[in-house]
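Undergrad: Sharing coords.cif here; it has mmCIF, C-alpha atoms and all ligand atoms.
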data_target
#
loop_
_atom_site.label_atom_id
_atom_site.label_comp_id
_atom_site.auth_asym_id
_atom_site.auth_seq_id
_atom_site.Cartn_x
_atom_site.Cartn_y
_atom_site.Cartn_z
CA MET H 1 -67.85 6.58 51.59
CA ASN H 2 -66.59 9.01 48.94
CA VAL H 3 -68.56 12.09 47.94
CA PRO H 4 -68.53 14.05 44.66
CA GLU H 5 -65.82 16.67 44.34
CA GLN H 6 -65.70 19.83 42.27
CA ILE H 7 -62.76 22.00 41.34
CA ILE H 8 -63.27 25.73 41.09
CA THR H 9 -60.80 28.54 40.45
CA PHE H 10 -60.69 31.89 42.20
CA GLU H 11 -58.07 34.49 41.25
CA GLY H 12 -55.93 31.77 39.72
CA VAL H 13 -56.05 29.55 42.81
CA SER H 14 -57.48 26.07 42.38
CA ILE H 15 -59.90 24.91 45.07
CA LYS H 16 -61.27 21.39 45.39
CA ILE H 17 -64.62 21.27 47.13
CA LYS H 18 -65.59 18.04 48.84
CA ARG H 19 -69.37 17.85 48.65
CA GLU H 20 -70.19 16.23 51.99
CA ASP H 21 -73.50 18.05 51.69
CA LEU H 22 -74.51 15.47 49.07
CA LEU H 23 -74.11 12.47 51.43
CA HIS H 24 -77.80 12.40 52.33
CA PRO H 25 -80.79 14.72 51.76
CA PHE H 26 -81.45 15.32 55.48
CA VAL H 27 -78.52 13.83 57.39
CA SER H 28 -76.22 16.22 55.64
CA GLY H 29 -72.47 16.42 55.60
CA ASN H 30 -70.58 16.22 58.82
CA LYS H 31 -73.67 15.31 60.84
CA PHE H 32 -73.84 12.03 58.92
CA ARG H 33 -70.19 11.32 59.77
CA LYS H 34 -70.74 12.23 63.41
CA LEU H 35 -73.76 9.97 63.80
CA LYS H 36 -72.41 6.90 62.02
CA TYR H 37 -70.51 5.22 64.88
CA ASN H 38 -72.86 6.58 67.51
CA LEU H 39 -75.76 4.77 65.86
CA LEU H 40 -73.74 1.55 65.80
CA GLU H 41 -72.88 2.01 69.47
CA ALA H 42 -76.50 2.72 70.38
CA LYS H 43 -77.49 -0.53 68.63
CA ASN H 44 -74.73 -2.43 70.44
CA GLN H 45 -76.03 -1.10 73.73
CA LYS H 46 -79.54 -2.23 72.71
CA LYS H 47 -80.87 1.29 73.04
CA THR H 48 -84.07 2.15 71.20
CA VAL H 49 -84.20 5.89 71.85
CA LEU H 50 -81.80 8.67 70.85
CA LEU H 51 -81.96 11.91 72.79
CA THR H 52 -80.16 15.08 71.87
CA PHE H 53 -80.17 18.88 72.10
CA GLY H 54 -80.26 21.78 69.70
CA GLY H 55 -81.52 25.17 68.63
CA ALA H 56 -84.53 25.89 66.46
CA PHE H 57 -82.71 25.55 63.13
CA SER H 58 -80.18 22.93 64.15
CA ASN H 59 -78.70 20.72 61.44
CA HIS H 60 -77.90 18.18 64.13
CA ILE H 61 -81.51 17.98 65.33
CA LEU H 62 -82.84 17.23 61.84
CA ALA H 63 -79.96 14.84 61.14
CA THR H 64 -80.71 12.89 64.34
CA ALA H 65 -84.43 12.76 63.55
CA ALA H 66 -83.84 11.50 59.99
CA ALA H 67 -81.06 9.04 60.86
CA GLY H 68 -83.05 7.77 63.84
CA PHE H 69 -86.07 7.21 61.63
CA GLU H 70 -84.05 5.32 59.02
CA ASN H 71 -82.38 3.13 61.63
CA GLY H 72 -85.41 2.30 63.73
CA PHE H 73 -84.78 4.53 66.75
CA LYS H 74 -87.25 6.77 68.48
CA THR H 75 -85.82 10.27 68.76
CA ILE H 76 -86.24 13.03 71.32
CA GLY H 77 -85.04 16.58 70.74
CA ILE H 78 -84.51 18.97 73.64
CA ILE H 79 -84.99 22.35 71.95
CA ARG H 80 -83.70 25.70 73.16
CA GLY H 81 -86.53 28.23 73.50
CA ASP H 82 -89.88 27.41 75.11
CA GLU H 83 -91.65 29.93 72.85
CA LEU H 84 -91.18 27.55 69.92
CA VAL H 85 -93.71 25.04 71.20
CA GLU H 86 -96.47 26.93 69.32
CA LYS H 87 -94.41 27.36 66.17
CA ILE H 88 -93.31 23.91 65.08
CA ASN H 89 -95.11 24.15 61.76
CA GLN H 90 -93.70 27.58 60.98
CA ASN H 91 -90.18 26.30 61.49
CA PRO H 92 -88.99 24.18 58.53
CA THR H 93 -86.34 22.34 60.58
CA LEU H 94 -88.66 21.35 63.43
CA LYS H 95 -91.50 20.54 61.05
CA LYS H 96 -89.32 18.15 59.07
CA ALA H 97 -87.88 16.61 62.25
CA SER H 98 -91.40 15.99 63.59
CA GLU H 99 -92.31 14.34 60.28
CA PHE H 100 -89.46 11.94 60.99
CA GLY H 101 -91.16 11.18 64.29
CA MET H 102 -89.03 13.24 66.66
CA THR H 103 -90.63 14.12 70.00
CA PHE H 104 -89.73 17.59 71.27
CA GLU H 105 -89.18 18.97 74.73
CA PHE H 106 -88.98 22.75 74.63
CA VAL H 107 -86.99 24.34 77.42
CA THR H 108 -86.20 27.92 78.36
CA ARG H 109 -82.79 29.29 77.45
CA GLU H 110 -81.90 29.25 81.11
CA GLU H 111 -82.77 25.57 81.53
CA TYR H 112 -81.02 24.77 78.29
CA ARG H 113 -77.75 26.06 79.69
CA LYS H 114 -77.94 23.36 82.39
CA LYS H 115 -78.36 20.58 79.84
CA THR H 116 -75.13 18.77 80.65
CA SER H 117 -75.77 18.70 84.43
CA GLU H 118 -76.51 15.38 86.06
CA GLU H 119 -79.69 16.75 87.57
CA PHE H 120 -81.06 17.76 84.18
CA ILE H 121 -80.19 14.40 82.60
CA GLN H 122 -81.83 12.62 85.53
CA LYS H 123 -85.04 14.60 85.02
CA LEU H 124 -85.02 13.60 81.36
CA THR H 125 -84.55 9.93 82.29
CA GLN H 126 -87.49 10.12 84.67
CA LYS H 127 -89.62 11.61 81.93
CA PHE H 128 -88.50 9.59 78.89
CA GLY H 129 -86.93 6.41 80.30
CA ASP H 130 -83.65 5.00 79.03
CA PHE H 131 -81.95 6.65 76.05
CA TYR H 132 -78.67 6.98 74.16
CA LEU H 133 -77.46 10.51 74.70
CA LEU H 134 -75.94 12.52 71.86
CA PRO H 135 -74.41 15.81 72.97
CA GLU H 136 -75.33 19.15 71.39
CA GLY H 137 -73.85 19.30 67.90
CA GLY H 138 -73.18 15.56 68.16
CA THR H 139 -69.54 15.88 69.18
CA ASN H 140 -68.01 12.99 71.14
CA ASP H 141 -65.21 10.45 70.58
CA LEU H 142 -67.28 8.35 68.18
CA ALA H 143 -68.22 11.45 66.19
CA ILE H 144 -64.53 12.27 65.76
CA LYS H 145 -63.94 8.71 64.57
CA GLY H 146 -66.62 9.20 61.89
CA CYS H 147 -65.11 12.53 60.80
CA GLU H 148 -61.75 10.83 60.35
CA GLU H 149 -63.38 9.23 57.28
CA ILE H 150 -64.03 12.54 55.48
CA LEU H 151 -60.60 12.68 53.82
CA ASN H 152 -59.39 9.88 51.57
CA SER H 153 -55.92 9.01 50.28
CA ASP H 154 -56.26 11.29 47.21
CA ASP H 155 -56.70 14.24 49.54
CA LEU H 156 -53.23 13.82 51.02
CA THR H 157 -51.74 15.85 48.14
CA TYR H 158 -53.57 18.96 49.30
CA ILE H 159 -51.35 21.07 51.52
CA ASN H 160 -54.18 23.31 52.72
CA VAL H 161 -57.42 21.86 54.04
CA CYS H 162 -60.22 24.25 55.07
CA CYS H 163 -63.15 23.41 57.30
CA ALA H 164 -65.91 25.33 59.12
CA VAL H 165 -65.87 25.06 62.91
CA GLY H 166 -68.80 24.91 65.33
CA THR H 167 -67.99 22.70 68.30
CA GLY H 168 -64.70 21.63 66.74
CA GLY H 169 -65.58 17.95 66.39
CA THR H 170 -65.44 17.81 62.62
CA ILE H 171 -62.13 19.60 62.25
CA SER H 172 -60.62 17.33 64.92
CA GLY H 173 -61.47 14.23 62.88
CA VAL H 174 -60.11 15.89 59.76
CA ILE H 175 -56.88 16.83 61.54
CA ASN H 176 -56.41 13.27 62.77
CA SER H 177 -56.55 11.93 59.22
CA THR H 178 -54.09 14.39 57.64
CA SER H 179 -50.41 13.84 57.02
CA ASN H 180 -47.85 15.97 58.82
CA VAL H 181 -47.09 18.07 55.73
CA GLN H 182 -50.71 19.12 55.45
CA LYS H 183 -52.19 22.06 57.31
CA VAL H 184 -55.80 22.34 58.43
CA TRP H 185 -57.39 25.79 58.60
CA GLY H 186 -60.53 26.10 60.70
CA PHE H 187 -62.99 28.94 60.14
CA PRO H 188 -65.07 29.43 63.31
CA ALA H 189 -68.76 30.20 62.80
CA LEU H 190 -68.97 31.72 66.27
CA LYS H 191 -66.93 33.67 68.76
CA GLY H 192 -65.31 31.57 71.44
CA SER H 193 -61.89 31.30 72.98
CA PHE H 194 -62.86 27.82 74.23
CA LEU H 195 -62.72 26.42 70.68
CA LYS H 196 -58.97 25.86 70.60
CA GLU H 197 -59.09 23.98 73.90
CA ASP H 198 -61.94 21.81 72.65
CA ILE H 199 -60.09 20.94 69.45
CA ARG H 200 -56.93 20.09 71.40
CA LYS H 201 -58.99 17.59 73.42
CA PHE H 202 -59.91 15.59 70.32
CA ALA H 203 -57.15 16.28 67.79
CA ASN H 204 -53.98 14.22 67.99
CA LYS H 205 -51.78 16.53 65.85
CA ASP H 206 -50.98 20.20 65.93
CA ASN H 207 -50.88 20.93 62.19
CA TRP H 208 -53.89 23.24 62.40
CA GLU H 209 -54.86 26.84 63.06
CA LEU H 210 -58.07 28.78 63.45
CA VAL H 211 -58.65 31.68 61.06
CA ASP H 212 -60.55 34.33 62.99
CA GLY H 213 -62.50 37.23 61.59
CA TYR H 214 -65.16 35.46 59.55
CA ASP H 215 -67.84 34.71 62.16
CA PHE H 216 -69.89 37.77 61.04
CA GLY H 217 -70.61 38.73 64.64
CA GLY H 218 -71.39 35.30 66.11
CA TYR H 219 -73.32 32.10 65.75
CA GLY H 220 -76.27 32.46 63.38
CA LYS H 221 -75.47 36.11 62.71
CA ILE H 222 -75.34 37.10 59.07
CA SER H 223 -75.10 40.24 56.97
CA ASP H 224 -76.21 41.46 53.56
CA GLU H 225 -72.62 41.09 52.39
CA LEU H 226 -72.65 37.39 53.30
CA ILE H 227 -76.00 36.80 51.59
CA PHE H 228 -74.72 38.57 48.48
CA PHE H 229 -71.59 36.39 48.55
CA ILE H 230 -73.60 33.15 48.87
CA ASN H 231 -75.91 34.15 45.99
CA GLU H 232 -72.98 35.20 43.78
CA PHE H 233 -71.09 32.02 44.61
CA TYR H 234 -74.05 29.97 43.45
CA SER H 235 -74.46 31.99 40.22
CA LYS H 236 -70.81 31.50 39.38
CA TYR H 237 -70.08 27.93 40.51
CA LYS H 238 -73.55 26.37 40.92
CA ILE H 239 -72.67 25.24 44.43
CA PRO H 240 -75.07 26.15 47.25
CA LEU H 241 -73.56 27.28 50.56
CA ASP H 242 -75.32 27.64 53.91
CA PRO H 243 -75.28 30.94 55.81
CA ILE H 244 -74.26 29.56 59.24
CA TYR H 245 -71.09 27.62 58.43
CA THR H 246 -69.96 26.98 54.85
CA GLY H 247 -70.87 30.44 53.51
CA LYS H 248 -68.77 32.11 56.21
CA MET H 249 -65.88 29.71 55.64
CA MET H 250 -65.86 30.19 51.86
CA PHE H 251 -66.08 33.96 52.28
CA GLY H 252 -63.00 33.69 54.50
CA VAL H 253 -61.16 31.44 52.04
CA PHE H 254 -61.76 33.94 49.22
CA GLU H 255 -60.59 36.85 51.38
CA LYS H 256 -57.44 34.94 52.30
CA ILE H 257 -56.75 34.28 48.61
CA LYS H 258 -57.20 37.99 47.84
CA GLU H 259 -54.74 38.81 50.63
CA GLY H 260 -52.19 36.41 49.16
CA PHE H 261 -52.30 34.25 52.29
CA PHE H 262 -53.03 31.21 50.12
CA LYS H 263 -50.59 31.15 47.19
CA LYS H 264 -51.39 30.24 43.57
CA ASP H 265 -49.27 27.09 43.54
CA GLU H 266 -50.72 25.70 46.77
CA LYS H 267 -53.82 23.65 46.08
CA ILE H 268 -56.65 24.12 48.54
CA LEU H 269 -59.15 21.51 49.65
CA VAL H 270 -62.37 22.85 51.13
CA ILE H 271 -64.88 20.64 52.93
CA HIS H 272 -68.52 21.44 52.27
CA THR H 273 -69.99 20.22 55.55
CA GLY H 274 -73.62 20.70 54.45
CA GLY H 275 -76.21 22.63 56.43
CA LEU H 276 -78.39 23.53 53.46
CA GLN H 277 -81.57 22.48 55.28
CA GLY H 278 -81.28 25.62 57.41
CA ILE H 279 -81.67 28.01 54.49
CA ASP H 280 -85.49 27.98 54.39
CA GLY H 281 -85.72 28.91 58.05
CA MET H 282 -83.11 31.61 57.64
CA ASN H 283 -84.96 33.06 54.65
CA ILE H 284 -88.18 33.32 56.66
CA ALA H 285 -86.31 35.27 59.35
CA LEU H 286 -84.65 37.48 56.71
CA LYS H 287 -87.95 38.22 54.99
CA ASN H 288 -89.51 39.22 58.31
CA LYS H 289 -86.76 41.79 58.69
CA ASN H 290 -87.09 42.96 55.07
CA PHE H 291 -83.57 41.77 54.29
CA ASN H 292 -82.42 40.16 51.07
CA THR H 293 -82.77 36.38 51.03
CA ILE H 294 -80.65 33.48 49.85
CA GLN H 295 -81.69 32.56 46.31
CA PHE H 296 -80.14 29.87 44.17
CA ASN H 297 -81.19 31.03 40.70
CA ASP H 298 -79.99 29.18 37.66
C1 LIG H 301 -72.54 21.38 62.68
C2 LIG H 301 -71.90 21.94 61.45
C3 LIG H 301 -70.56 22.38 61.42
C4 LIG H 301 -69.71 22.39 62.65
O1 LIG H 301 -69.26 21.15 63.01
P1 LIG H 301 -68.53 20.94 64.40
O2 LIG H 301 -68.16 19.53 64.40
O3 LIG H 301 -69.54 21.26 65.46
O4 LIG H 301 -67.38 21.88 64.47
C5 LIG H 301 -70.04 22.83 60.23
N1 LIG H 301 -70.79 22.89 59.12
C6 LIG H 301 -72.07 22.50 59.10
C7 LIG H 301 -72.83 22.64 57.84
C8 LIG H 301 -72.67 22.02 60.25
O5 LIG H 301 -73.96 21.64 60.23
#
Before we go any further, please render this structure as structure tokens.

TA:
Amino acid sequence: MNVPEQIITFEGVSIKIKREDLLHPFVSGNKFRKLKYNLLEAKNQKKTVLLTFGGAFSNHILATAAAGFENGFKTIGIIRGDELVEKINQNPTLKKASEFGMTFEFVTREEYRKKTSEEFIQKLTQKFGDFYLLPEGGTNDLAIKGCEEILNSDDLTYINVCCAVGTGGTISGVINSTSNVQKVWGFPALKGSFLKEDIRKFANKDNWELVDGYDFGGYGKISDELIFFINEFYSKYKIPLDPIYTGKMMFGVFEKIKEGFFKKDEKILVIHTGGLQGIDGMNIALKNKNFNTIQFND
């Protein structure tokens, strides 16, 4: 499935943006790609329930709820933070996911850390019965297979391909579908030395590198500078970016152009992996702290 593409120019460098965010209103971007073959597998296995994990503003949680709803699955979300149980309706992500019929199980941060243990999974089976398990962030072999469909044959002329990195699943699929003369640059949205190892597990080429320095202090952390950048980017190019992944990546891409790291004659392809659903929740948090908010004004 091909998505719309837009070409923008920054300091004389041409950048093609692949609008994966436009794939679906709620199952946005890479989460759509990651779910595709997992949903087929769940159907093959005659499963009727999808169970997965995520934080309060998780793109993957909402994507699973919406895709599950559309494909006739019941969905269960194991959510980090037991304090959220009272706040579903104040949280735009959880509210929307519950409208798609998702059942929540709120767990403490401590319990959440044990989520991959056999004991924890067994407890969930006792409580909810049989289910098809999707890992946090949706990354598994079938998710990588789906992400291998992000690039198409026209994209092979782009020497530089840029992608935001969370668990590393998306970039792994992208890497697997590149040619050897291409180079994939990953912009991590969080701190973590484990990322490279994780990508090596799934990627079958080594034509990639991580570009550090644009995580803005860690996962979900943002600054006024980033918000200003996202708002300016929209004013100039009319393309919305999210503050957790694509905003940080694009900020990094622009900095690397300013530094001369990306050269004028090298075309750049940037993947917009989506995540726009998280903006409302982020703006509520920003307002509570009296910070500037993300505003897409025309
Ligand atoms: C989840 C997500 C990512 C990270 O994808 P991984 O496969 O976990 O690396 C990037 N961008 C957006 C918008 C996301 O929602």

Undergrad: What are the closest atom pairs, with distances in Å to one decimal, for all residues of chain H lying within 7 Å of ligand LIG 301 (chain H)? Consider all atoms listed in the file, order rows by chain and residue number, and present the result as a tab-separated table.

TA:
residue	atom	partner	partner_atom	distance
H:Gly29	CA	H:LIG301	C7	6.6
H:Asn30	CA	H:LIG301	C8	6.3
H:Lys31	CA	H:LIG301	O5	6.4
H:Asn59	CA	H:LIG301	O5	5.0
H:His60	CA	H:LIG301	C1	6.4
H:Gly137	CA	H:LIG301	O3	5.3
H:Thr139	CA	H:LIG301	O2	6.2
H:Ala164	CA	H:LIG301	C5	5.0
H:Val165	CA	H:LIG301	O4	3.9
H:Gly166	CA	H:LIG301	O4	3.5
H:Thr167	CA	H:LIG301	O3	3.5
H:Gly168	CA	H:LIG301	O4	3.5
H:Gly169	CA	H:LIG301	O2	3.6
H:Thr170	CA	H:LIG301	O2	3.7
H:Ile171	CA	H:LIG301	O4	6.1
H:Asp242	CA	H:LIG301	C7	6.8
H:Tyr245	CA	H:LIG301	N1	4.8
H:Thr246	CA	H:LIG301	N1	6.0
H:Thr273	CA	H:LIG301	C7	4.4
H:Gly274	CA	H:LIG301	C7	4.0
H:Gly275	CA	H:LIG301	C7	3.7

Undergrad: Between H:Ser172, H:Asn38, H:Phe251, H:Gln277, which is the closest to Ile61 of chain H once you count all atoms listed in the file?

TA: H:Gln277

Undergrad: What is the distance, in Å and to one decimal place, between atom CA of Arg19 of chain H and atom CA of Ile271 of chain H?

TA: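 Rounded to one decimal, the two atoms are 6.8 Å apart.
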
Undergrad: How many Å separate atom CA of Val211 of chain H from atom CA of Gly186 of chain H?

TA: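 A separation of 5.9 Å between them.
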
Undergrad: Tell me, in Å to one decimal, how far atom CA of Ser179 of chain H is from atom CA of Thr9 of chain H.

TA: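 The value is 24.5 Å.
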
Undergrad: Pick out the closest residue to Phe26 of chain H from this set: H:Asn152, H:Gln45, H:Gly278, H:Asn180. Count only C-alpha atoms.

TA: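 Closest residue, counting only C-alpha atoms: H:Gly278.
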
Undergrad: Write out as a list of chain:residue names the residues lying within 9 Å of Phe296 of chain H, counting all atoms listed in the file and excluding same-chain residues fewer than 3 positions away.

TA: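 The contact residues come out as H:Ile230, H:Asn231, H:Glu232, H:Tyr234, H:Ser235, H:Lys238, H:Ile239, H:Pro240.
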
Undergrad: Residues at most 12 Å from Phe131 of chain H, counting all atoms listed in the file, excluding those fewer than 5 positions away in the same chain, as JSON, numbers by chain?

TA: {"H": [42, 43, 45, 46, 47, 48, 49, 50, 51, 52, 73, 74, 75, 76, 77, 121, 122, 124, 125, 126]}

Undergrad: Restrict the selected residues to C-alpha atoms and save them as a PDB file, keeping the file's coordinate frame.

TA:
ATOM      1  CA  ALA H  42     -76.500   2.720  70.380  1.00  0.00           C
ATOM      2  CA  LYS H  43     -77.490  -0.530  68.630  1.00  0.00           C
ATOM      3  CA  GLN H  45     -76.030  -1.100  73.730  1.00  0.00           C
ATOM      4  CA  LYS H  46     -79.540  -2.230  72.710  1.00  0.00           C
ATOM      5  CA  LYS H  47     -80.870   1.290  73.040  1.00  0.00           C
ATOM      6  CA  THR H  48     -84.070   2.150  71.200  1.00  0.00           C
ATOM      7  CA  VAL H  49     -84.200   5.890  71.850  1.00  0.00           C
ATOM      8  CA  LEU H  50     -81.800   8.670  70.850  1.00  0.00           C
ATOM      9  CA  LEU H  51     -81.960  11.910  72.790  1.00  0.00           C
ATOM     10  CA  THR H  52     -80.160  15.080  71.870  1.00  0.00           C
ATOM     11  CA  PHE H  73     -84.780   4.530  66.750  1.00  0.00           C
ATOM     12  CA  LYS H  74     -87.250   6.770  68.480  1.00  0.00           C
ATOM     13  CA  THR H  75     -85.820  10.270  68.760  1.00  0.00           C
ATOM     14  CA  ILE H  76     -86.240  13.030  71.320  1.00  0.00           C
ATOM     15  CA  GLY H  77     -85.040  16.580  70.740  1.00  0.00           C
ATOM     16  CA  ILE H 121     -80.190  14.400  82.600  1.00  0.00           C
ATOM     17  CA  GLN H 122     -81.830  12.620  85.530  1.00  0.00           C
ATOM     18  CA  LEU H 124     -85.020  13.600  81.360  1.00  0.00           C
ATOM     19  CA  THR H 125     -84.550   9.930  82.290  1.00  0.00           C
ATOM     20  CA  GLN H 126     -87.490  10.120  84.670  1.00  0.00           C
TER      21      GLN H 126
END

Undergrad: Any chance you could model N, CA, C and O atoms for segment 265-277 of chain H and send them as a PDB file, keeping the file's coordinate frame?

TA:
ATOM      1  N   ASP H 265     -49.743  28.455  43.784  1.00  0.00           N
ATOM      2  CA  ASP H 265     -49.270  27.090  43.540  1.00  0.00           C
ATOM      3  C   ASP H 265     -49.642  26.105  44.656  1.00  0.00           C
ATOM      4  O   ASP H 265     -49.350  24.927  44.569  1.00  0.00           O
ATOM      5  N   GLU H 266     -50.295  26.591  45.694  1.00  0.00           N
ATOM      6  CA  GLU H 266     -50.720  25.700  46.770  1.00  0.00           C
ATOM      7  C   GLU H 266     -52.184  25.327  46.552  1.00  0.00           C
ATOM      8  O   GLU H 266     -53.053  26.183  46.609  1.00  0.00           O
ATOM      9  N   LYS H 267     -52.434  24.069  46.294  1.00  0.00           N
ATOM     10  CA  LYS H 267     -53.820  23.650  46.080  1.00  0.00           C
ATOM     11  C   LYS H 267     -54.573  23.681  47.415  1.00  0.00           C
ATOM     12  O   LYS H 267     -54.015  23.347  48.455  1.00  0.00           O
ATOM     13  N   ILE H 268     -55.833  24.046  47.320  1.00  0.00           N
ATOM     14  CA  ILE H 268     -56.650  24.120  48.540  1.00  0.00           C
ATOM     15  C   ILE H 268     -57.777  23.094  48.451  1.00  0.00           C
ATOM     16  O   ILE H 268     -58.425  22.957  47.413  1.00  0.00           O
ATOM     17  N   LEU H 269     -58.007  22.416  49.543  1.00  0.00           N
ATOM     18  CA  LEU H 269     -59.150  21.510  49.650  1.00  0.00           C
ATOM     19  C   LEU H 269     -60.123  22.112  50.668  1.00  0.00           C
ATOM     20  O   LEU H 269     -59.735  22.442  51.787  1.00  0.00           O
ATOM     21  N   VAL H 270     -61.366  22.279  50.239  1.00  0.00           N
ATOM     22  CA  VAL H 270     -62.370  22.850  51.130  1.00  0.00           C
ATOM     23  C   VAL H 270     -63.459  21.793  51.372  1.00  0.00           C
ATOM     24  O   VAL H 270     -63.919  21.151  50.427  1.00  0.00           O
ATOM     25  N   ILE H 271     -63.843  21.635  52.608  1.00  0.00           N
ATOM     26  CA  ILE H 271     -64.880  20.640  52.930  1.00  0.00           C
ATOM     27  C   ILE H 271     -66.231  21.330  53.036  1.00  0.00           C
ATOM     28  O   ILE H 271     -66.414  22.237  53.859  1.00  0.00           O
ATOM     29  N   HIS H 272     -67.144  20.924  52.181  1.00  0.00           N
ATOM     30  CA  HIS H 272     -68.520  21.440  52.270  1.00  0.00           C
ATOM     31  C   HIS H 272     -69.262  20.548  53.250  1.00  0.00           C
ATOM     32  O   HIS H 272     -69.660  19.436  52.920  1.00  0.00           O
ATOM     33  N   THR H 273     -69.431  21.048  54.479  1.00  0.00           N
ATOM     34  CA  THR H 273     -69.990  20.220  55.550  1.00  0.00           C
ATOM     35  C   THR H 273     -71.511  20.138  55.512  1.00  0.00           C
ATOM     36  O   THR H 273     -72.112  19.466  56.354  1.00  0.00           O
ATOM     37  N   GLY H 274     -72.158  20.836  54.575  1.00  0.00           N
ATOM     38  CA  GLY H 274     -73.620  20.700  54.450  1.00  0.00           C
ATOM     39  C   GLY H 274     -74.370  21.877  55.052  1.00  0.00           C
ATOM     40  O   GLY H 274     -73.979  23.032  54.871  1.00  0.00           O
ATOM     41  N   GLY H 275     -75.465  21.577  55.751  1.00  0.00           N
ATOM     42  CA  GLY H 275     -76.210  22.630  56.430  1.00  0.00           C
ATOM     43  C   GLY H 275     -77.259  23.331  55.588  1.00  0.00           C
ATOM     44  O   GLY H 275     -77.880  24.295  56.036  1.00  0.00           O
ATOM     45  N   LEU H 276     -77.492  22.816  54.377  1.00  0.00           N
ATOM     46  CA  LEU H 276     -78.390  23.530  53.460  1.00  0.00           C
ATOM     47  C   LEU H 276     -79.847  23.511  53.927  1.00  0.00           C
ATOM     48  O   LEU H 276     -80.636  24.376  53.551  1.00  0.00           O
ATOM     49  N   GLN H 277     -80.192  22.540  54.776  1.00  0.00           N
ATOM     50  CA  GLN H 277     -81.570  22.480  55.280  1.00  0.00           C
ATOM     51  C   GLN H 277     -81.969  23.747  56.045  1.00  0.00           C
ATOM     52  O   GLN H 277     -83.143  24.072  56.148  1.00  0.00           O
TER      53      GLN H 277
END
